[in-house]
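J.: Structure below; questions to follow.
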Amino acid sequence: MGLLRAVVTPLLVSIAAFSAGTAGASEPALKVVASFSIINDFAQQIGGDRITLTSIVGPDSDAHMYEPTPADVKAVAQADIVLINGLMFEGFLARLIAASGSDAEIVTLTDNAEILQDPQGGHYHFIGDKAVFHAAPEDPHAWQSVSNAQVYVSNIAQAFCAADPAGCSAYEANQQRYSATLTTLDDDIREQLRTLPESRRTAVVAHHAFRYFENAYGLTFLAPQGMSTESEASAANVAGLIDELQAQQVSAVFAENISSPRLVEQIATEAGLPMGGTLYSDALSSTAGPAPTYEAMMRYNVATLMSALTPP
């Protein structure tokens, strides 16, 4: 009996330990949906392996023009949390949530961020063949300032802690780690752009996605389109912009990864300006591209700007 107890007791202890570990490992992961790829990266940085994550609008895709799919409806219907930018950025969102019947927590990540006003007050976009005006008095591209990115990840950590208290210490540790990464990123951007002379700090982009970057880091971006790529640039707008280029010290024209470069190439040709490369505005690249994370996107954009704007 003593020998049997000596064998069985450790075995029971091992089984109990295994069962406890299995129960912990089998806790259902928090089901999170991110509205587009930049928010998807923020969520992954904070959630780690405690969440299952789906992005509605993927890499190199334009959230302004996106049309939801049945898979999107299913993902939102099953979600615990849906992370959105807000400020009318995701024009498809209200229709998607209504179609899904979801009771997920909708978390607006621009809450408490420093928000700039949209001087145009809104934009038109198309539902089917009908042009619909969306009054949007605020610029939605708040992530282009790293200080606002800090607000996004803080809001994500708070939402994850509320939904999954058992994982809160992990979410907070991830936020602390990533916040330090963002602080270093912000410092590095300022240090690099500080070296550009005033005469080389103006550029042209396709749409006004970089006003937060402009406000935070002291560059000027001109664009033929408004805050949304859904607002088409008229011939008068393009002609007026080309006239403006003659009066300002514009150094280069940049394409954006989410849209065709044809319009900005036309502007560059007519104004006699060089194309400076492609900037990542409203979406990350694929994992094979140069900007698969928010940090990589910001560093790539700065490197591209510096390459084109630095005096020869």
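Lettering and numbering for the structure tokens are positional, with chains as A, B, ... in the shown order, residues counted from 1 in each chain, and ligands counted from 1 in the shown order.
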Going by DSSP on the backbone, which bits of segment 136-283 of chain A are strand (DSSP E)? Write them as number ranges by chain, please.
T.: A: 202-204, 220-222, 252-256, 275-279
J.: Could the residues in this selection be saved with all heavy atoms as a compact mmCIF listing (two decimals), in the first residue's frame?
T.:
```
# COMPACT_ATOMS: atom_id res chain seq x y z
N THR A 202 7.56 71.66 -47.33
CA THR A 202 6.22 71.63 -47.92
C THR A 202 6.16 70.58 -49.01
O THR A 202 7.07 70.48 -49.84
CB THR A 202 5.85 73.01 -48.51
OG1 THR A 202 5.90 73.99 -47.47
CG2 THR A 202 4.44 72.99 -49.09
N ALA A 203 5.08 69.80 -49.01
CA ALA A 203 4.93 68.71 -49.97
C ALA A 203 3.47 68.59 -50.38
O ALA A 203 2.57 69.16 -49.75
CB ALA A 203 5.40 67.40 -49.36
N VAL A 204 3.23 67.84 -51.45
CA VAL A 204 1.87 67.58 -51.94
C VAL A 204 1.55 66.11 -51.75
O VAL A 204 2.40 65.23 -52.02
CB VAL A 204 1.74 67.95 -53.44
CG1 VAL A 204 0.36 67.56 -53.98
CG2 VAL A 204 1.97 69.44 -53.64
N THR A 220 4.29 71.01 -43.92
CA THR A 220 3.05 71.45 -44.55
C THR A 220 2.71 70.52 -45.71
O THR A 220 3.58 70.22 -46.54
CB THR A 220 3.17 72.90 -45.08
OG1 THR A 220 3.43 73.78 -43.98
CG2 THR A 220 1.90 73.33 -45.78
N PHE A 221 1.45 70.05 -45.74
CA PHE A 221 1.01 69.17 -46.81
C PHE A 221 -0.14 69.83 -47.55
O PHE A 221 -1.14 70.24 -46.94
CB PHE A 221 0.54 67.82 -46.26
CG PHE A 221 1.65 67.00 -45.66
CD1 PHE A 221 1.93 67.08 -44.30
CD2 PHE A 221 2.42 66.16 -46.44
CE1 PHE A 221 2.95 66.34 -43.74
CE2 PHE A 221 3.45 65.40 -45.90
CZ PHE A 221 3.72 65.49 -44.54
N LEU A 222 -0.03 69.94 -48.88
CA LEU A 222 -1.09 70.43 -49.74
C LEU A 222 -1.72 69.23 -50.45
O LEU A 222 -1.03 68.25 -50.76
CB LEU A 222 -0.53 71.41 -50.76
CG LEU A 222 0.29 72.58 -50.20
CD1 LEU A 222 0.85 73.41 -51.34
CD2 LEU A 222 -0.54 73.44 -49.26
N ALA A 252 8.35 68.35 -53.28
CA ALA A 252 8.08 67.04 -53.87
C ALA A 252 6.61 66.70 -53.75
O ALA A 252 5.87 67.30 -52.96
CB ALA A 252 8.93 65.96 -53.18
N VAL A 253 6.19 65.73 -54.55
CA VAL A 253 4.82 65.23 -54.55
C VAL A 253 4.87 63.75 -54.17
O VAL A 253 5.75 63.01 -54.63
CB VAL A 253 4.18 65.40 -55.95
CG1 VAL A 253 2.77 64.84 -55.97
CG2 VAL A 253 4.20 66.87 -56.36
N PHE A 254 3.91 63.33 -53.33
CA PHE A 254 3.93 61.95 -52.83
C PHE A 254 2.61 61.25 -53.15
O PHE A 254 1.53 61.83 -52.99
CB PHE A 254 4.14 61.93 -51.31
CG PHE A 254 5.47 62.47 -50.88
CD1 PHE A 254 5.63 63.83 -50.63
CD2 PHE A 254 6.57 61.63 -50.73
CE1 PHE A 254 6.85 64.34 -50.25
CE2 PHE A 254 7.80 62.14 -50.35
CZ PHE A 254 7.94 63.50 -50.11
N ALA A 255 2.71 60.01 -53.58
CA ALA A 255 1.53 59.15 -53.72
C ALA A 255 1.17 58.59 -52.34
O ALA A 255 1.93 58.71 -51.38
CB ALA A 255 1.83 58.02 -54.70
N GLU A 256 -0.01 57.95 -52.26
CA GLU A 256 -0.43 57.27 -51.04
C GLU A 256 -0.72 55.81 -51.37
O GLU A 256 -1.17 55.49 -52.47
CB GLU A 256 -1.67 57.92 -50.44
CG GLU A 256 -1.44 59.34 -49.93
CD GLU A 256 -2.71 59.97 -49.38
OE1 GLU A 256 -3.49 59.25 -48.72
OE2 GLU A 256 -2.93 61.17 -49.63
N MET A 275 8.37 63.23 -58.12
CA MET A 275 7.64 62.32 -57.25
C MET A 275 8.60 61.85 -56.16
O MET A 275 9.70 61.36 -56.45
CB MET A 275 7.09 61.13 -58.03
CG MET A 275 5.94 61.48 -58.97
SD MET A 275 4.45 62.08 -58.11
CE MET A 275 4.01 60.63 -57.11
N GLY A 276 8.17 61.97 -54.89
CA GLY A 276 9.05 61.65 -53.78
C GLY A 276 8.87 60.26 -53.22
O GLY A 276 9.55 59.89 -52.26
N GLY A 277 7.96 59.48 -53.79
CA GLY A 277 7.71 58.13 -53.28
C GLY A 277 6.29 57.99 -52.79
O GLY A 277 5.42 58.83 -53.07
N THR A 278 6.03 56.93 -52.04
CA THR A 278 4.69 56.62 -51.54
C THR A 278 4.67 56.72 -50.02
O THR A 278 5.53 56.15 -49.35
CB THR A 278 4.26 55.21 -51.98
OG1 THR A 278 4.20 55.15 -53.41
CG2 THR A 278 2.90 54.85 -51.41
N LEU A 279 3.68 57.43 -49.50
CA LEU A 279 3.47 57.52 -48.06
C LEU A 279 2.31 56.63 -47.65
O LEU A 279 1.35 56.45 -48.41
CB LEU A 279 3.17 58.96 -47.65
CG LEU A 279 4.26 60.00 -47.94
CD1 LEU A 279 3.79 61.39 -47.51
CD2 LEU A 279 5.57 59.64 -47.23
```
J.: Contacts between segment 65-76 of chain A and segment 24-53 of chain A, please, where a residue of segment 24-53 of chain A counts if it comes within 12 Å (with only C-alpha atoms); show its shortest atom pair and distance in Å to one decimal, rows by chain and ascending number, as JSON lines.
T.:
```
{"residue": "A:Lys31", "atom": "CA", "partner": "A:Ala75", "partner_atom": "CA", "distance": 8.8}
{"residue": "A:Val32", "atom": "CA", "partner": "A:Val76", "partner_atom": "CA", "distance": 8.5}
{"residue": "A:Val33", "atom": "CA", "partner": "A:Val76", "partner_atom": "CA", "distance": 6.6}
{"residue": "A:Ala34", "atom": "CA", "partner": "A:Val76", "partner_atom": "CA", "distance": 9.4}
{"residue": "A:Ser35", "atom": "CA", "partner": "A:Asp72", "partner_atom": "CA", "distance": 9.8}
{"residue": "A:Phe36", "atom": "CA", "partner": "A:Tyr66", "partner_atom": "CA", "distance": 10.1}
{"residue": "A:Thr52", "atom": "CA", "partner": "A:Ala75", "partner_atom": "CA", "distance": 10.7}
{"residue": "A:Leu53", "atom": "CA", "partner": "A:Ala75", "partner_atom": "CA", "distance": 9.5}
```
J.: Just write the chosen residues, all heavy atoms, as a compact mmCIF listing (two decimals), in the first residue's frame.
T.:
```
# COMPACT_ATOMS: atom_id res chain seq x y z
N LYS A 31 -12.82 38.20 -28.07
CA LYS A 31 -13.01 38.33 -29.53
C LYS A 31 -13.09 39.82 -29.88
O LYS A 31 -14.03 40.50 -29.48
CB LYS A 31 -14.27 37.58 -29.98
CG LYS A 31 -14.17 36.07 -29.79
CD LYS A 31 -15.33 35.35 -30.41
CE LYS A 31 -16.62 35.51 -29.61
NZ LYS A 31 -16.54 34.89 -28.27
N VAL A 32 -12.09 40.26 -30.62
CA VAL A 32 -11.94 41.69 -30.92
C VAL A 32 -11.98 41.90 -32.42
O VAL A 32 -11.33 41.17 -33.18
CB VAL A 32 -10.60 42.23 -30.36
CG1 VAL A 32 -10.43 43.71 -30.70
CG2 VAL A 32 -10.53 42.01 -28.84
N VAL A 33 -12.72 42.91 -32.85
CA VAL A 33 -12.75 43.34 -34.24
C VAL A 33 -12.20 44.76 -34.30
O VAL A 33 -12.64 45.64 -33.55
CB VAL A 33 -14.17 43.28 -34.84
CG1 VAL A 33 -14.21 43.96 -36.21
CG2 VAL A 33 -14.64 41.84 -34.95
N ALA A 34 -11.24 44.98 -35.18
CA ALA A 34 -10.69 46.31 -35.43
C ALA A 34 -11.23 46.81 -36.75
O ALA A 34 -11.31 46.06 -37.72
CB ALA A 34 -9.17 46.27 -35.45
N SER A 35 -11.55 48.09 -36.83
CA SER A 35 -12.18 48.60 -38.05
C SER A 35 -11.22 48.67 -39.23
O SER A 35 -11.63 48.50 -40.37
CB SER A 35 -12.82 49.97 -37.80
OG SER A 35 -11.84 50.92 -37.41
N PHE A 36 -9.91 48.91 -38.96
CA PHE A 36 -8.95 48.95 -40.06
C PHE A 36 -7.56 48.61 -39.54
O PHE A 36 -7.35 48.42 -38.34
CB PHE A 36 -8.98 50.29 -40.81
CG PHE A 36 -8.45 51.48 -40.04
CD1 PHE A 36 -7.27 52.10 -40.43
CD2 PHE A 36 -9.13 52.00 -38.96
CE1 PHE A 36 -6.79 53.20 -39.75
CE2 PHE A 36 -8.67 53.11 -38.27
CZ PHE A 36 -7.49 53.71 -38.66
N THR A 52 -8.48 37.10 -29.78
CA THR A 52 -8.54 36.73 -31.19
C THR A 52 -8.97 38.00 -31.94
O THR A 52 -9.91 38.69 -31.53
CB THR A 52 -9.54 35.59 -31.45
OG1 THR A 52 -10.84 35.99 -31.01
CG2 THR A 52 -9.11 34.34 -30.71
N LEU A 53 -8.30 38.30 -33.03
CA LEU A 53 -8.39 39.62 -33.63
C LEU A 53 -8.73 39.53 -35.12
O LEU A 53 -8.13 38.75 -35.85
CB LEU A 53 -7.06 40.35 -33.44
CG LEU A 53 -6.93 41.79 -33.92
CD1 LEU A 53 -7.95 42.69 -33.25
CD2 LEU A 53 -5.51 42.28 -33.63
```
J.: Restricting the calculation to only C-alpha atoms: of A:Glu244, A:Glu198, A:Asp282, A:Asp187, which residue gets closest to Ala63 of chain A?
T.: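 Of A:Glu244, A:Glu198, A:Asp282, A:Asp187, the one nearest Ala63 of chain A is A:Asp282, counting only C-alpha atoms.
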J.: Could you please write out, as a PyMOL selection string, every residue of segment 38-284 of chain A that DSSP assigns to alpha helix (DSSP H)?
T.: chain A and resi 38-47+70-78+93-100+146-163+168-193+211-217+235-247+262-271
J.: Pick out the residues sitting within 9 Å of Gln192 of chain A, and hand them over as a ChimeraX atom specification; count only C-alpha atoms, and ignore anything fewer than 3 positions along from it in its own chain.
T.: /A:187-189,195-196,302-303,306
